[in-house]
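Worksheet for the structure shown next.
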Amino acid sequence: MIAFIVRRLVAAVLLLVIVSMVTFAIFFLVPRLVGSTPDDLASRYVGRDASPTSVQAAKKRLHLDDPVPLQYGRFVKGIVAGDEFDYGPQTVKCSAPCFGYSFRTSQNVLDLIKDRFPVTASLVFGASILWLTGGVAVGVLSALKRRSFFDRAAMSIALAGVSLPIYFTGLVSLSLFAYTWKIWPDGVQYANLLDNPVKWAYNLVLPWVTLAFLYAAMYARLTRSGMLETLNEDYIRTARAKGLPERTVITKHALRATLTPILTIFGLDIGLLLGGAVLTESTFSLPGMGKMVVDAITGNDLPVVLGVVMFTALFVVLANLIVDLLYGVVDPRVRHN
Amino acid sequence: MKRTKTTVGVALSAVLALGLAACGGGSDDNGGGGDGGGGGSAFDAAVSKVVNPSTKTGGTLKYVITDAPDSMDPGNTYYAYNWDFTRYFARALLTFDPKPGEAGLKVVPDLAEGLGQPSDGGKTWTYKIRKGVKYEDGTEVKAEDIKYAVARSNYTDELQGGPHYFTQYLAAGDYKGPYKDKNLDDFKGIETPDDHTLVFKLNQPFYEFDYLLTNPQTSPVPKAKDTGLKYQEHPVSTGPYMFENHSIGKSFALVKNPNWSAATDPLRKQLVDRVELTMKVTGADIDNRLLAGTEHLMLAGTGAEAAARAKILSSDSLKKNADNPLTGFLRYAMLSTKVKPFDNIECRKAVQYALDRTATQGAYGGPVAGDIATTALPPTETGYTKYDLYATPGNKGDVNKAKTALQACGQPNGFETNIAVRGDRDKEVAAGEAMQQSLAKVGIKAQIKKYPSGDYSSQYAGKPAFVHKEKLGIIIAGWGSDWPTGFGFLSQIAHSKAIKDSSNYNEMELEDPAIDKLLDDGAKTEDIAQREQMWSQVDKKIMESAALVPFIYEKTLLYRPPNLTNVYFHLAYKMYDYPSIGLQ
């Protein structure tokens, strides 16, 4: 088991190196290949009143005139050994792991991520509990009551959940619950969990439900089809023939087998969402990772984009590692193999 | 400094469409007119007078914004709303009178005791600063702190966010800035003979210099407290409020500055207890919050979005709490004089005559989004006079005149060209399409090219080499002045010296010696009336060149929640006067 974890961690590091190189190339090398000069890049960061002098100054300060491999080398060195940043009157030391500084706000990228990650994590944490429990429960019940009114109603709602985009369901929920019925009269305003847990949860209910509605719908449909398939398996028939109670057949045999693919998708979803639930954060104006990276992309804030991409990749890798470990817990066949 | 009543009067009659006589009345002590009736909310009421005048104190005033301010460092920001907002904590040497209507255009002393005293033919300007003005830590403001603030914001590599007018006008030689040259005495552009006197040495006479000093770059920064790019996290306050906390790009809160004194600041009050800003809130969410009254002001002052606009205008109870003022922005198309066939004035005139301005206005959102424009100067700037050089019936274009111009241009069957627009700005794309349809009627086939707004000036429409290469004959853009005069508006878009390799706003690439001379001479002219006449002449010269095709004098629809007090639209900042606002 330990060897397995070590192997996966080494693979994860290699993957992150490749992701960083690809991302760096997309944002720093490709523009040069298509004809952008360092001056062109620098002119994006000098404000409205750009002059040749200010463009040259920005180019030098942001190291945009360096060869791209050298810039990548500085990025890697920052992560491994730290870096320094020129704020004007003084130079500030950025300790390892240093992901650089925002070209737009001059903020330490790692500090920005640390600041925004709790918002995204809070959103994903609550929503994932809702969609996993809700989606799986509805899916199982639908499969057991196939073609019943409940099944048809649940699957119709699930179809709506999958079809309706978050920026629609989110805005409708805000309009109804916040501004019409005034259940959340101030709208959604993120509060720190440690400062006020009740306010934290209260303000996240709408985003949780909105995000969970989409994912629960998908999970319900997946669970239902998985359960239907599993219930037709020979070993389920055997279990029933042995006289096992139906509850045991469903929970210990059918559901476990169904959960394996669900877990795989759950791991991927969690990893991706931790890198930023872009639509939900934008709709509810939550200052999370997703909103930050969208702003960074539109503002050509390359270090921030790079930092968030690296963290998203890390989350996906870690989430998959955890899921792989959980396979053994959920499905005895994996353990025995 | 006196203003020409006739010119400004004409301008304001167009701007305000109301009786300015109301400005003089009022019983409040907030510097505004007031309506004397205790508020009197009505549509457009805050454009001309103070709505809900009150001296009530307390409460938290909440601002929201869709993006984030470029910087809260007064020396490193270039947004009009931030020049308005930073007055909460940053006192400049001079400022605009905090009053509604025409009075707001008057430059008045803030940290200074009076306006500038020119000498040496307008090349030297002397200011005395008030004694006893303190920073939030209780130390006294000195003249050298203002000198340092100008030096850091205009002469360093790091702070590039604001304008660089002082670099342009001060006789500072090859001064390297205070981060490279630690000896401030080497900055010869400003002398400080004592702790309360500043002498600005200019490299040319400039009689609008007082306007430059309203820029927040002249608010003092103590050298010991300067942290360069990090200074935006907590600028040291000289105003009635100071930073309590600041999470860059997310939110901040201002609280009362205990070391601010009304005795040294007759222009501001400390009405509310706190001022908060929440950033990165979606536009639709902001409108909902303002209409629900849970937030009070949209910091950017860009007004309600389409859905909320319709809601406000269709409800009497909401409409009475809204204003529809001019923003000071001119939306236009510039015809590149360096891209064929627009190097020929007759081809440019063909576009002027062919354009259906009513359709273009409709594309921008109709009359509530702006009035049809026919001049280079909007009515909000001094020097504006109303005229229409290319008048067409009902502003719908004149095909015959356009075809005559095409004949004279040697393109009787029309020609092909490109229209550059910011692809992520729906109104601009719609305006481009309306223009495309107008031009098609006379045989001009225009293809719309969309570019991202973030790089529009630095990489595309504002980069002459790109414009020439891609044959962008028509460039749709807009402009608002840094100070409300003809010079403040036109010098950046029409002077040949304004043409730059990138971030060029003279997209016409107009190089007219007569325009340059009028602008240069006007800046050296002491007499205000004469100066404003010269700005009018520049306006006419630009329109005679036919290179600028004005669309609309932009307007916006601002909603003011009814619980706000002392609300009025400030003509110089072209939005509500933020530091004056209180809560009921």
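Ordering of the structure tokens sets the chain letters (A, B, ...), residue numbers begin anew at 1 in every chain, and ligands are numbered from 1 in the order given.
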
Chain A contacts to chain B at 6 Å (only C-alpha atoms) as a list in words: Ser43, Val46, Gly47, Asp49, Ala50, Ala57, Tyr87, Gly88, Pro89, Asp186 and Ser285 of chain A

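Minimum distance to Ala319 of chain A across A:Thr264, A:Asn300, A:Phe4, A:Gly139 (counting only C-alpha atoms) occurs at A:Thr264.
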
From the DSSP assignment of the backbone, select every residue of segment 383-544 of chain B that is helix (DSSP H, G or I), and format the answer as a PDB file with C-alpha atoms, in the first residue's frame.
```pdb
ATOM      1  CA  PRO B 393     -32.689  64.910 -42.079  1.00  0.00           C
ATOM      2  CA  GLY B 394     -33.828  63.514 -38.751  1.00  0.00           C
ATOM      3  CA  ASN B 395     -30.245  62.435 -38.052  1.00  0.00           C
ATOM      4  CA  VAL B 399     -27.485  58.972 -48.989  1.00  0.00           C
ATOM      5  CA  ASN B 400     -27.249  61.647 -51.690  1.00  0.00           C
ATOM      6  CA  LYS B 401     -24.696  63.754 -49.829  1.00  0.00           C
ATOM      7  CA  ALA B 402     -22.732  60.638 -48.984  1.00  0.00           C
ATOM      8  CA  LYS B 403     -22.643  59.553 -52.623  1.00  0.00           C
ATOM      9  CA  THR B 404     -21.562  63.021 -53.703  1.00  0.00           C
ATOM     10  CA  ALA B 405     -18.689  62.774 -51.222  1.00  0.00           C
ATOM     11  CA  LEU B 406     -17.804  59.316 -52.534  1.00  0.00           C
ATOM     12  CA  GLN B 407     -17.728  60.730 -56.058  1.00  0.00           C
ATOM     13  CA  ALA B 408     -15.359  63.470 -54.915  1.00  0.00           C
ATOM     14  CA  CYS B 409     -13.226  60.859 -53.197  1.00  0.00           C
ATOM     15  CA  ASP B 426     -22.455  44.469 -26.591  1.00  0.00           C
ATOM     16  CA  LYS B 427     -23.386  48.108 -27.113  1.00  0.00           C
ATOM     17  CA  GLU B 428     -20.250  48.774 -29.087  1.00  0.00           C
ATOM     18  CA  VAL B 429     -20.813  45.732 -31.293  1.00  0.00           C
ATOM     19  CA  ALA B 430     -24.415  46.844 -31.849  1.00  0.00           C
ATOM     20  CA  ALA B 431     -23.201  50.341 -32.764  1.00  0.00           C
ATOM     21  CA  GLY B 432     -20.725  48.808 -35.200  1.00  0.00           C
ATOM     22  CA  GLU B 433     -23.518  46.813 -36.799  1.00  0.00           C
ATOM     23  CA  ALA B 434     -25.747  49.881 -37.059  1.00  0.00           C
ATOM     24  CA  MET B 435     -22.885  51.749 -38.710  1.00  0.00           C
ATOM     25  CA  GLN B 436     -22.236  48.811 -41.019  1.00  0.00           C
ATOM     26  CA  GLN B 437     -25.856  48.923 -42.183  1.00  0.00           C
ATOM     27  CA  SER B 438     -25.757  52.694 -42.729  1.00  0.00           C
ATOM     28  CA  LEU B 439     -22.603  52.464 -44.795  1.00  0.00           C
ATOM     29  CA  ALA B 440     -23.935  49.579 -46.874  1.00  0.00           C
ATOM     30  CA  SER B 453     -11.463  45.114 -24.504  1.00  0.00           C
ATOM     31  CA  GLY B 454      -8.587  44.411 -22.106  1.00  0.00           C
ATOM     32  CA  ASP B 455      -6.003  44.738 -24.875  1.00  0.00           C
ATOM     33  CA  TYR B 456      -7.974  46.976 -27.216  1.00  0.00           C
ATOM     34  CA  SER B 457      -5.690  49.964 -26.756  1.00  0.00           C
ATOM     35  CA  SER B 458      -2.416  48.274 -25.993  1.00  0.00           C
ATOM     36  CA  GLN B 459      -2.495  45.600 -28.697  1.00  0.00           C
ATOM     37  CA  TYR B 460      -5.115  46.408 -31.321  1.00  0.00           C
ATOM     38  CA  PRO B 464      -1.033  52.176 -35.184  1.00  0.00           C
ATOM     39  CA  ALA B 465       1.158  49.435 -36.681  1.00  0.00           C
ATOM     40  CA  PHE B 466      -1.616  46.895 -36.109  1.00  0.00           C
ATOM     41  CA  VAL B 467      -4.270  49.303 -37.400  1.00  0.00           C
ATOM     42  CA  HIS B 468      -2.338  49.848 -40.643  1.00  0.00           C
ATOM     43  CA  LYS B 469      -1.589  46.164 -41.102  1.00  0.00           C
ATOM     44  CA  GLY B 486     -11.788  71.471 -23.669  1.00  0.00           C
ATOM     45  CA  PHE B 487      -8.059  71.016 -23.273  1.00  0.00           C
ATOM     46  CA  GLY B 488      -8.483  68.212 -20.744  1.00  0.00           C
ATOM     47  CA  PHE B 489     -10.662  66.388 -23.251  1.00  0.00           C
ATOM     48  CA  LEU B 490      -9.147  67.149 -26.656  1.00  0.00           C
ATOM     49  CA  SER B 491      -5.400  67.248 -26.026  1.00  0.00           C
ATOM     50  CA  GLN B 492      -5.284  63.477 -25.502  1.00  0.00           C
ATOM     51  CA  ILE B 493      -7.255  62.505 -28.613  1.00  0.00           C
ATOM     52  CA  ALA B 494      -6.452  65.158 -31.195  1.00  0.00           C
ATOM     53  CA  SER B 496      -0.337  64.962 -32.890  1.00  0.00           C
ATOM     54  CA  LYS B 497       1.926  64.466 -29.860  1.00  0.00           C
ATOM     55  CA  ALA B 498      -0.730  62.177 -28.396  1.00  0.00           C
ATOM     56  CA  PRO B 513      -0.630  71.727 -37.248  1.00  0.00           C
ATOM     57  CA  ALA B 514      -3.534  74.129 -36.767  1.00  0.00           C
ATOM     58  CA  ILE B 515      -5.081  71.899 -34.077  1.00  0.00           C
ATOM     59  CA  ASP B 516      -1.703  71.426 -32.382  1.00  0.00           C
ATOM     60  CA  LYS B 517      -1.091  75.190 -32.384  1.00  0.00           C
ATOM     61  CA  LEU B 518      -4.519  75.993 -30.972  1.00  0.00           C
ATOM     62  CA  LEU B 519      -4.063  73.457 -28.167  1.00  0.00           C
ATOM     63  CA  ASP B 520      -0.504  74.600 -27.430  1.00  0.00           C
ATOM     64  CA  ASP B 521      -1.370  78.282 -27.537  1.00  0.00           C
ATOM     65  CA  GLY B 522      -4.539  77.750 -25.538  1.00  0.00           C
ATOM     66  CA  ALA B 523      -2.589  76.122 -22.716  1.00  0.00           C
ATOM     67  CA  ILE B 528     -10.243  81.848 -19.528  1.00  0.00           C
ATOM     68  CA  ALA B 529     -12.813  83.114 -22.011  1.00  0.00           C
ATOM     69  CA  GLN B 530     -10.229  83.308 -24.752  1.00  0.00           C
ATOM     70  CA  ARG B 531      -9.003  79.833 -23.866  1.00  0.00           C
ATOM     71  CA  GLU B 532     -12.453  78.347 -24.083  1.00  0.00           C
ATOM     72  CA  GLN B 533     -12.964  79.960 -27.477  1.00  0.00           C
ATOM     73  CA  MET B 534      -9.822  78.206 -28.628  1.00  0.00           C
ATOM     74  CA  TRP B 535     -11.150  74.834 -27.430  1.00  0.00           C
ATOM     75  CA  SER B 536     -14.281  75.502 -29.484  1.00  0.00           C
ATOM     76  CA  GLN B 537     -12.094  76.167 -32.501  1.00  0.00           C
ATOM     77  CA  VAL B 538     -10.225  72.917 -31.968  1.00  0.00           C
ATOM     78  CA  ASP B 539     -13.563  71.115 -31.781  1.00  0.00           C
ATOM     79  CA  LYS B 540     -14.604  72.609 -35.133  1.00  0.00           C
ATOM     80  CA  LYS B 541     -11.231  71.841 -36.732  1.00  0.00           C
ATOM     81  CA  ILE B 542     -11.550  68.198 -35.710  1.00  0.00           C
ATOM     82  CA  MET B 543     -15.028  67.953 -37.152  1.00  0.00           C
ATOM     83  CA  GLU B 544     -13.890  69.719 -40.327  1.00  0.00           C
TER      84      GLU B 544
END
```

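For Thr218 of chain B, the non-local neighbours within 10 Å, defined as residues at least 6 positions apart in the same chain or in other chains and counting only C-alpha atoms, are Pro74, Gly75, Ala90, Arg91, Ala92, Leu93, Leu94, Leu111, Asp145, Ile146, Lys147, Tyr148, Ala149, Val150, Ala151, Ser153 and Leu212 of chain B.
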
Could you give me, as number ranges by chain, the residues within 12 Å of Gly161 of chain A, counting only C-alpha atoms and dropping anything in the same chain fewer than 2 positions from it? A: 131, 135, 154-159, 163-166, 168-170, 209-221

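Secondary structure of segment 249-362 of chain B, strand (DSSP E) only (DSSP, backbone atoms): Ser251, Phe252, Ala253, Leu254, Val255, Lys256, Arg274, Val275, Glu276, Leu277, Thr278, Leu297, Met298, Ala322, Asp323, Leu326, Thr327, Gly328, Phe329, Leu330, Arg331, Tyr332, Ala333, Met334 and Leu335 of chain B.
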
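Take atom CA of Leu564 of chain B and atom CA of Tyr576 of chain B: the distance between them is 11.3 Å.
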
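Relative to atom CA of Arg256 of chain A, atom CA of Lys242 of chain A is found at 18.5 Å.
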
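Residues in contact with Val309 of chain A at 10 Å, where only C-alpha atoms are counted and same-chain residues fewer than 2 positions away are skipped, are listed as Leu16, Val19, Ser20, Thr23, Gly275, Gly276, Val293, Pro303, Val304, Val305, Leu306, Gly307, Phe311, Thr312, Ala313, Leu314 and Phe315 of chain A.
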
Export, as an mmCIF file, in the first residue's frame, the selected residues with C-alpha atoms.
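So again-v3.cif came out as:
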```
data_model
loop_
_atom_site.group_PDB
_atom_site.id
_atom_site.type_symbol
_atom_site.label_atom_id
_atom_site.label_comp_id
_atom_site.auth_asym_id
_atom_site.auth_seq_id
_atom_site.Cartn_x
_atom_site.Cartn_y
_atom_site.Cartn_z
ATOM 1 C CA LEU A 16 2.522 18.818 -12.046
ATOM 2 C CA VAL A 19 1.224 20.847 -16.339
ATOM 3 C CA SER A 20 3.398 23.782 -15.293
ATOM 4 C CA THR A 23 0.665 26.189 -18.937
ATOM 5 C CA GLY A 275 -9.798 24.656 -8.563
ATOM 6 C CA GLY A 276 -12.761 26.966 -8.899
ATOM 7 C CA VAL A 293 -8.949 32.822 -12.279
ATOM 8 C CA PRO A 303 1.160 34.365 -12.692
ATOM 9 C CA VAL A 304 -2.264 34.073 -11.079
ATOM 10 C CA VAL A 305 -3.569 31.893 -13.912
ATOM 11 C CA LEU A 306 -0.494 29.706 -13.633
ATOM 12 C CA GLY A 307 -0.836 29.408 -9.860
ATOM 13 C CA PHE A 311 -3.354 24.057 -7.664
ATOM 14 C CA THR A 312 -6.273 22.697 -9.665
ATOM 15 C CA ALA A 313 -4.023 19.990 -11.093
ATOM 16 C CA LEU A 314 -2.797 19.225 -7.587
ATOM 17 C CA PHE A 315 -6.363 18.909 -6.280
#
```

Thr260 of chain A proximity check over A:Glu233, A:Asp195, A:Asp331, A:Glu246, using only C-alpha atoms: winner is A:Asp331

Can you tell me, as number ranges by chain, what residues are no more than 6 Å from Met298 of chain B when counting only C-alpha atoms, ignoring any on the same chain fewer than 3 positions away? B: 63-65, 301

Expected file: the selected residues, C-alpha atoms, as a CSV table (one decimal), in the first residue's frame:
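Below is the file result_15.csv, written as the result:
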```csv
chain,number,residue,atom,x,y,z
B,63,TYR,CA,-20.4,50.4,-1.9
B,64,VAL,CA,-20.2,47.5,-4.4
B,65,ILE,CA,-18.4,47.1,-7.7
B,301,GLY,CA,-20.9,54.8,-11.3
```

Taking 3 positions as the minimum chain separation for residues in the same chain, which residues sit within 9 Å of Asp194 of chain B when counting only C-alpha atoms? Answer as a ChimeraX atom specification. /B:142-144,191,197-198

Rounded to one decimal in Å, what is the spacing between atom CA of Thr525 of chain B and atom CA of Ile129 of chain B? 26.0 Å
